>>> print(open('input13.pdb').read())   # PDB, C-alpha atoms, pLDDT in the B column
ATOM      1  CA  MET A 173       4.121 -67.636 -67.649  1.00 67.00           C
ATOM      2  CA  ASN A 174       0.993 -67.072 -69.632  1.00 84.00           C
ATOM      3  CA  PHE A 175       1.002 -69.528 -72.565  1.00 86.00           C
ATOM      4  CA  GLU A 176      -1.980 -67.988 -74.333  1.00 87.00           C
ATOM      5  CA  ALA A 177      -0.301 -64.558 -74.502  1.00 87.00           C
ATOM      6  CA  ALA A 178       2.911 -66.160 -75.757  1.00 87.00           C
ATOM      7  CA  ASP A 179       0.943 -68.039 -78.458  1.00 88.00           C
ATOM      8  CA  GLU A 180      -0.736 -64.833 -79.628  1.00 89.00           C
ATOM      9  CA  LYS A 181       2.570 -62.965 -79.683  1.00 90.00           C
ATOM     10  CA  ARG A 182       4.166 -65.744 -81.719  1.00 91.00           C
ATOM     11  CA  LEU A 183       1.286 -65.720 -84.241  1.00 90.00           C
ATOM     12  CA  LEU A 184       1.608 -61.948 -84.600  1.00 91.00           C
ATOM     13  CA  GLN A 185       5.333 -62.321 -85.254  1.00 92.00           C
ATOM     14  CA  LEU A 186       4.676 -64.969 -87.934  1.00 91.00           C
ATOM     15  CA  ASN A 187       2.082 -62.733 -89.607  1.00 90.00           C
ATOM     16  CA  GLU A 188       4.507 -59.792 -89.587  1.00 93.00           C
ATOM     17  CA  LEU A 189       7.159 -62.030 -91.142  1.00 93.00           C
ATOM     18  CA  ASP A 190       4.735 -63.024 -93.931  1.00 92.00           C
ATOM     19  CA  GLU A 191       3.928 -59.361 -94.582  1.00 93.00           C
ATOM     20  CA  LEU A 192       7.627 -58.480 -94.762  1.00 94.00           C
ATOM     21  CA  TRP A 193       8.201 -61.362 -97.179  1.00 94.00           C
ATOM     22  CA  LEU A 194       5.357 -60.219 -99.455  1.00 94.00           C
ATOM     23  CA  HIS A 195       6.602 -56.622 -99.356  1.00 95.00           C
ATOM     24  CA  SER A 196      10.135 -57.657-100.317  1.00 95.00           C
ATOM     25  CA  TYR A 197       8.755 -59.893-103.098  1.00 95.00           C
ATOM     26  CA  GLU A 198       6.800 -56.954-104.548  1.00 96.00           C
ATOM     27  CA  ASN A 199       9.861 -54.687-104.346  1.00 96.00           C
ATOM     28  CA  ALA A 200      12.013 -57.259-106.160  1.00 96.00           C
ATOM     29  CA  LYS A 201       9.363 -57.591-108.874  1.00 96.00           C
ATOM     30  CA  LEU A 202       9.190 -53.797-109.337  1.00 97.00           C
ATOM     31  CA  HIS A 203      12.983 -53.586-109.500  1.00 97.00           C
ATOM     32  CA  LYS A 204      13.131 -56.273-112.204  1.00 97.00           C
ATOM     33  CA  GLU A 205      10.459 -54.493-114.253  1.00 97.00           C
ATOM     34  CA  LYS A 206      12.335 -51.172-114.022  1.00 97.00           C
ATOM     35  CA  THR A 207      15.630 -52.816-114.978  1.00 97.00           C
ATOM     36  CA  LYS A 208      14.034 -54.561-117.974  1.00 96.00           C
ATOM     37  CA  LYS A 209      12.426 -51.305-119.130  1.00 96.00           C
ATOM     38  CA  TRP A 210      15.773 -49.469-118.816  1.00 96.00           C
ATOM     39  CA  HIS A 211      17.603 -52.238-120.723  1.00 95.00           C
ATOM     40  CA  ASP A 212      15.008 -52.524-123.501  1.00 92.00           C
ATOM     41  CA  LYS A 213      15.061 -48.756-124.029  1.00 93.00           C
ATOM     42  CA  ARG A 214      18.792 -48.865-124.797  1.00 92.00           C
ATOM     43  CA  ILE A 215      18.705 -51.744-127.288  1.00 85.00           C
ATOM     44  CA  LYS A 216      19.324 -50.493-130.795  1.00 83.00           C
ATOM     45  CA  PRO A 217      17.401 -52.374-133.477  1.00 82.00           C
ATOM     46  CA  ARG A 218      19.698 -53.778-136.164  1.00 85.00           C
ATOM     47  CA  ARG A 219      18.202 -54.535-139.527  1.00 90.00           C
ATOM     48  CA  PHE A 220      20.251 -56.260-142.186  1.00 92.00           C
ATOM     49  CA  GLU A 221      19.545 -56.325-145.905  1.00 92.00           C
ATOM     50  CA  PRO A 222      21.088 -58.596-148.553  1.00 94.00           C
ATOM     51  CA  GLY A 223      24.171 -56.978-150.055  1.00 92.00           C
ATOM     52  CA  GLN A 224      25.248 -55.108-146.892  1.00 93.00           C
ATOM     53  CA  GLN A 225      28.705 -55.593-145.436  1.00 94.00           C
ATOM     54  CA  VAL A 226      28.945 -56.730-141.805  1.00 95.00           C
ATOM     55  CA  LEU A 227      31.515 -57.775-139.211  1.00 94.00           C
ATOM     56  CA  LEU A 228      31.305 -61.120-137.395  1.00 92.00           C
ATOM     57  CA  PHE A 229      32.092 -61.508-133.680  1.00 91.00           C
ATOM     58  CA  ASN A 230      34.728 -64.165-132.990  1.00 84.00           C
ATOM     59  CA  SER A 231      33.321 -65.957-129.933  1.00 74.00           C
ATOM     60  CA  ARG A 232      36.280 -68.345-129.584  1.00 70.00           C
ATOM     61  CA  LEU A 233      38.416 -65.538-128.200  1.00 56.00           C
ATOM     62  CA  LYS A 234      36.386 -65.572-124.990  1.00 60.00           C
ATOM     63  CA  LEU A 235      37.932 -68.921-124.104  1.00 62.00           C
ATOM     64  CA  PHE A 236      41.452 -67.547-124.430  1.00 64.00           C
ATOM     65  CA  PRO A 237      41.359 -63.855-123.483  1.00 65.00           C
ATOM     66  CA  VAL A 238      43.972 -61.839-125.308  1.00 67.00           C
ATOM     67  CA  LYS A 239      44.042 -58.115-124.688  1.00 71.00           C
ATOM     68  CA  LEU A 240      45.039 -56.787-128.094  1.00 72.00           C
ATOM     69  CA  LYS A 241      43.469 -59.462-130.312  1.00 75.00           C
ATOM     70  CA  LEU A 242      40.686 -58.266-132.631  1.00 79.00           C
ATOM     71  CA  ARG A 243      37.309 -59.680-131.669  1.00 84.00           C
ATOM     72  CA  TRP A 244      35.572 -58.857-134.961  1.00 87.00           C
ATOM     73  CA  SER A 245      36.453 -60.483-138.279  1.00 86.00           C
ATOM     74  CA  GLY A 246      35.330 -59.527-141.714  1.00 80.00           C
ATOM     75  CA  PRO A 247      33.916 -57.811-143.650  1.00 91.00           C
ATOM     76  CA  PHE A 248      31.344 -60.299-144.915  1.00 94.00           C
ATOM     77  CA  GLU A 249      28.429 -59.776-147.277  1.00 94.00           C
ATOM     78  CA  VAL A 250      24.856 -60.557-146.222  1.00 95.00           C
ATOM     79  CA  VAL A 251      23.312 -63.062-148.640  1.00 94.00           C
ATOM     80  CA  ARG A 252      19.992 -63.810-146.919  1.00 93.00           C
ATOM     81  CA  VAL A 253      18.178 -62.876-143.706  1.00 94.00           C
ATOM     82  CA  THR A 254      15.786 -65.445-142.229  1.00 92.00           C
ATOM     83  CA  PRO A 255      12.644 -64.363-140.366  1.00 89.00           C
ATOM     84  CA  TYR A 256      13.906 -65.671-137.001  1.00 88.00           C
ATOM     85  CA  GLY A 257      17.209 -63.765-136.871  1.00 85.00           C
ATOM     86  CA  ALA A 258      19.680 -66.076-138.592  1.00 93.00           C
ATOM     87  CA  ILE A 259      21.811 -64.465-141.283  1.00 95.00           C
ATOM     88  CA  GLU A 260      23.560 -66.169-144.185  1.00 95.00           C
ATOM     89  CA  LEU A 261      26.958 -64.591-144.882  1.00 95.00           C
ATOM     90  CA  ARG A 262      29.469 -64.866-147.693  1.00 94.00           C
ATOM     91  CA  ALA A 263      33.146 -64.042-147.383  1.00 91.00           C
ATOM     92  CA  LEU A 264      34.189 -61.312-149.824  1.00 86.00           C
ATOM     93  CA  HIS A 265      37.391 -63.070-150.877  1.00 84.00           C
ATOM     94  CA  ALA A 266      35.808 -66.546-151.198  1.00 82.00           C
ATOM     95  CA  GLU A 267      32.504 -68.068-152.264  1.00 83.00           C
ATOM     96  CA  ARG A 268      32.026 -69.886-148.957  1.00 86.00           C
ATOM     97  CA  LYS A 269      28.565 -69.259-147.415  1.00 91.00           C
ATOM     98  CA  PHE A 270      27.603 -69.938-143.813  1.00 91.00           C
ATOM     99  CA  LEU A 271      24.716 -69.260-141.454  1.00 93.00           C
ATOM    100  CA  VAL A 272      25.187 -67.327-138.171  1.00 92.00           C
ATOM    101  CA  ASN A 273      23.048 -65.912-135.397  1.00 91.00           C
ATOM    102  CA  GLY A 274      22.080 -62.271-135.960  1.00 89.00           C
ATOM    103  CA  HIS A 275      23.362 -61.292-132.495  1.00 88.00           C
ATOM    104  CA  ARG A 276      26.939 -62.066-133.554  1.00 90.00           C
ATOM    105  CA  VAL A 277      26.891 -59.564-136.439  1.00 93.00           C
ATOM    106  CA  LYS A 278      27.198 -55.777-136.599  1.00 92.00           C
ATOM    107  CA  HIS A 279      27.215 -53.258-139.436  1.00 91.00           C
ATOM    108  CA  TYR A 280      30.575 -52.590-141.115  1.00 90.00           C
TER     109      TYR A 280
END
>>> encode(input="input13.pdb", output="structure tokens")
Amino acid sequence: MNFEAADEKRLLQLNELDELWLHSYENAKLHKEKTKKWHDKRIKPRRFEPGQQVLLFNSRLKLFPVKLKLRWSGPFEVVRVTPYGAIELRALHAERKFLVNGHRVKHY
């Protein structure tokens, strides 16, 4: 056997493997960018103003899945909107106020 030819062949195989790895890495990166662009295009901006009525998502139902149970409770009135997405709500039938994440709220 010729050891020098085998060494060269092995180095070529390792270089081809590196090229395949880089190519697959680039493809994965492109796929992630396309998926993010597609997702961001479909996000609807939700702006809340004080005095609006909203529904609140009940996240505790995820722990105990029930098919016909309502996942949204409310309506609640928006009292204040903070600059970082938190919303202060007030129940219509009571004077209790509480702060929630803006992702858990939708327009009534």
>>> closest_residue(input="input13.pdb", among="A:Leu240, A:Leu183, A:Ile259, A:Leu202", to="Gly223 (chain A)", atoms="all atoms listed in the file")
A:Ile259
>>> atom_distance(input="input13.pdb", atom1="CA of Val226 (chain A)", atom2="CA of His211 (chain A)")
24.4 Å
>>> axis_aligned_box(input="input13.pdb", around="region 223-227 of chain A", padding_each_side="6 Å", output="JSON")
{"center_x": 27.8, "center_y": -56.4, "center_z": -144.6, "size_x": 19.3, "size_y": 14.7, "size_z": 22.8}
>>> closest_residue(input="input13.pdb", among="A:Ala178, A:Val277, A:Leu194, A:Leu271", to="Thr254 (chain A)", atoms="only C-alpha atoms")
A:Leu271
>>> residues_around(input="input13.pdb", residues="region 272-275 of chain A", least_positions_apart="4", cutoff="12 Å", atoms="all atoms listed in the file", output="PDB file with C-alpha atoms, in the frame of the given file")
ATOM      1  CA  ILE A 215      18.705 -51.744-127.288  1.00 85.00           C
ATOM      2  CA  LYS A 216      19.324 -50.493-130.795  1.00 83.00           C
ATOM      3  CA  PRO A 217      17.401 -52.374-133.477  1.00 82.00           C
ATOM      4  CA  ARG A 218      19.698 -53.778-136.164  1.00 85.00           C
ATOM      5  CA  ARG A 219      18.202 -54.535-139.527  1.00 90.00           C
ATOM      6  CA  PHE A 220      20.251 -56.260-142.186  1.00 92.00           C
ATOM      7  CA  GLU A 221      19.545 -56.325-145.905  1.00 92.00           C
ATOM      8  CA  VAL A 226      28.945 -56.730-141.805  1.00 95.00           C
ATOM      9  CA  LEU A 227      31.515 -57.775-139.211  1.00 94.00           C
ATOM     10  CA  LEU A 228      31.305 -61.120-137.395  1.00 92.00           C
ATOM     11  CA  PHE A 229      32.092 -61.508-133.680  1.00 91.00           C
ATOM     12  CA  ASN A 230      34.728 -64.165-132.990  1.00 84.00           C
ATOM     13  CA  SER A 231      33.321 -65.957-129.933  1.00 74.00           C
ATOM     14  CA  PHE A 248      31.344 -60.299-144.915  1.00 94.00           C
ATOM     15  CA  VAL A 250      24.856 -60.557-146.222  1.00 95.00           C
ATOM     16  CA  VAL A 251      23.312 -63.062-148.640  1.00 94.00           C
ATOM     17  CA  ARG A 252      19.992 -63.810-146.919  1.00 93.00           C
ATOM     18  CA  VAL A 253      18.178 -62.876-143.706  1.00 94.00           C
ATOM     19  CA  THR A 254      15.786 -65.445-142.229  1.00 92.00           C
ATOM     20  CA  PRO A 255      12.644 -64.363-140.366  1.00 89.00           C
ATOM     21  CA  TYR A 256      13.906 -65.671-137.001  1.00 88.00           C
ATOM     22  CA  GLY A 257      17.209 -63.765-136.871  1.00 85.00           C
ATOM     23  CA  ALA A 258      19.680 -66.076-138.592  1.00 93.00           C
ATOM     24  CA  ILE A 259      21.811 -64.465-141.283  1.00 95.00           C
ATOM     25  CA  GLU A 260      23.560 -66.169-144.185  1.00 95.00           C
ATOM     26  CA  LEU A 261      26.958 -64.591-144.882  1.00 95.00           C
ATOM     27  CA  ARG A 262      29.469 -64.866-147.693  1.00 94.00           C
ATOM     28  CA  HIS A 279      27.215 -53.258-139.436  1.00 91.00           C
TER      29      HIS A 279
END
>>> closest_residue(input="input13.pdb", among="A:Ala266, A:Thr207, A:Glu249, A:Tyr280", to="Pro222 (chain A)", atoms="only C-alpha atoms")
A:Glu249
>>> atom_distance(input="input13.pdb", atom1="CA of Asp212 (chain A)", atom2="CA of Lys278 (chain A)")
18.2 Å
>>> atom_distance(input="input13.pdb", atom1="CA of Asn187 (chain A)", atom2="CA of Glu205 (chain A)")
27.3 Å
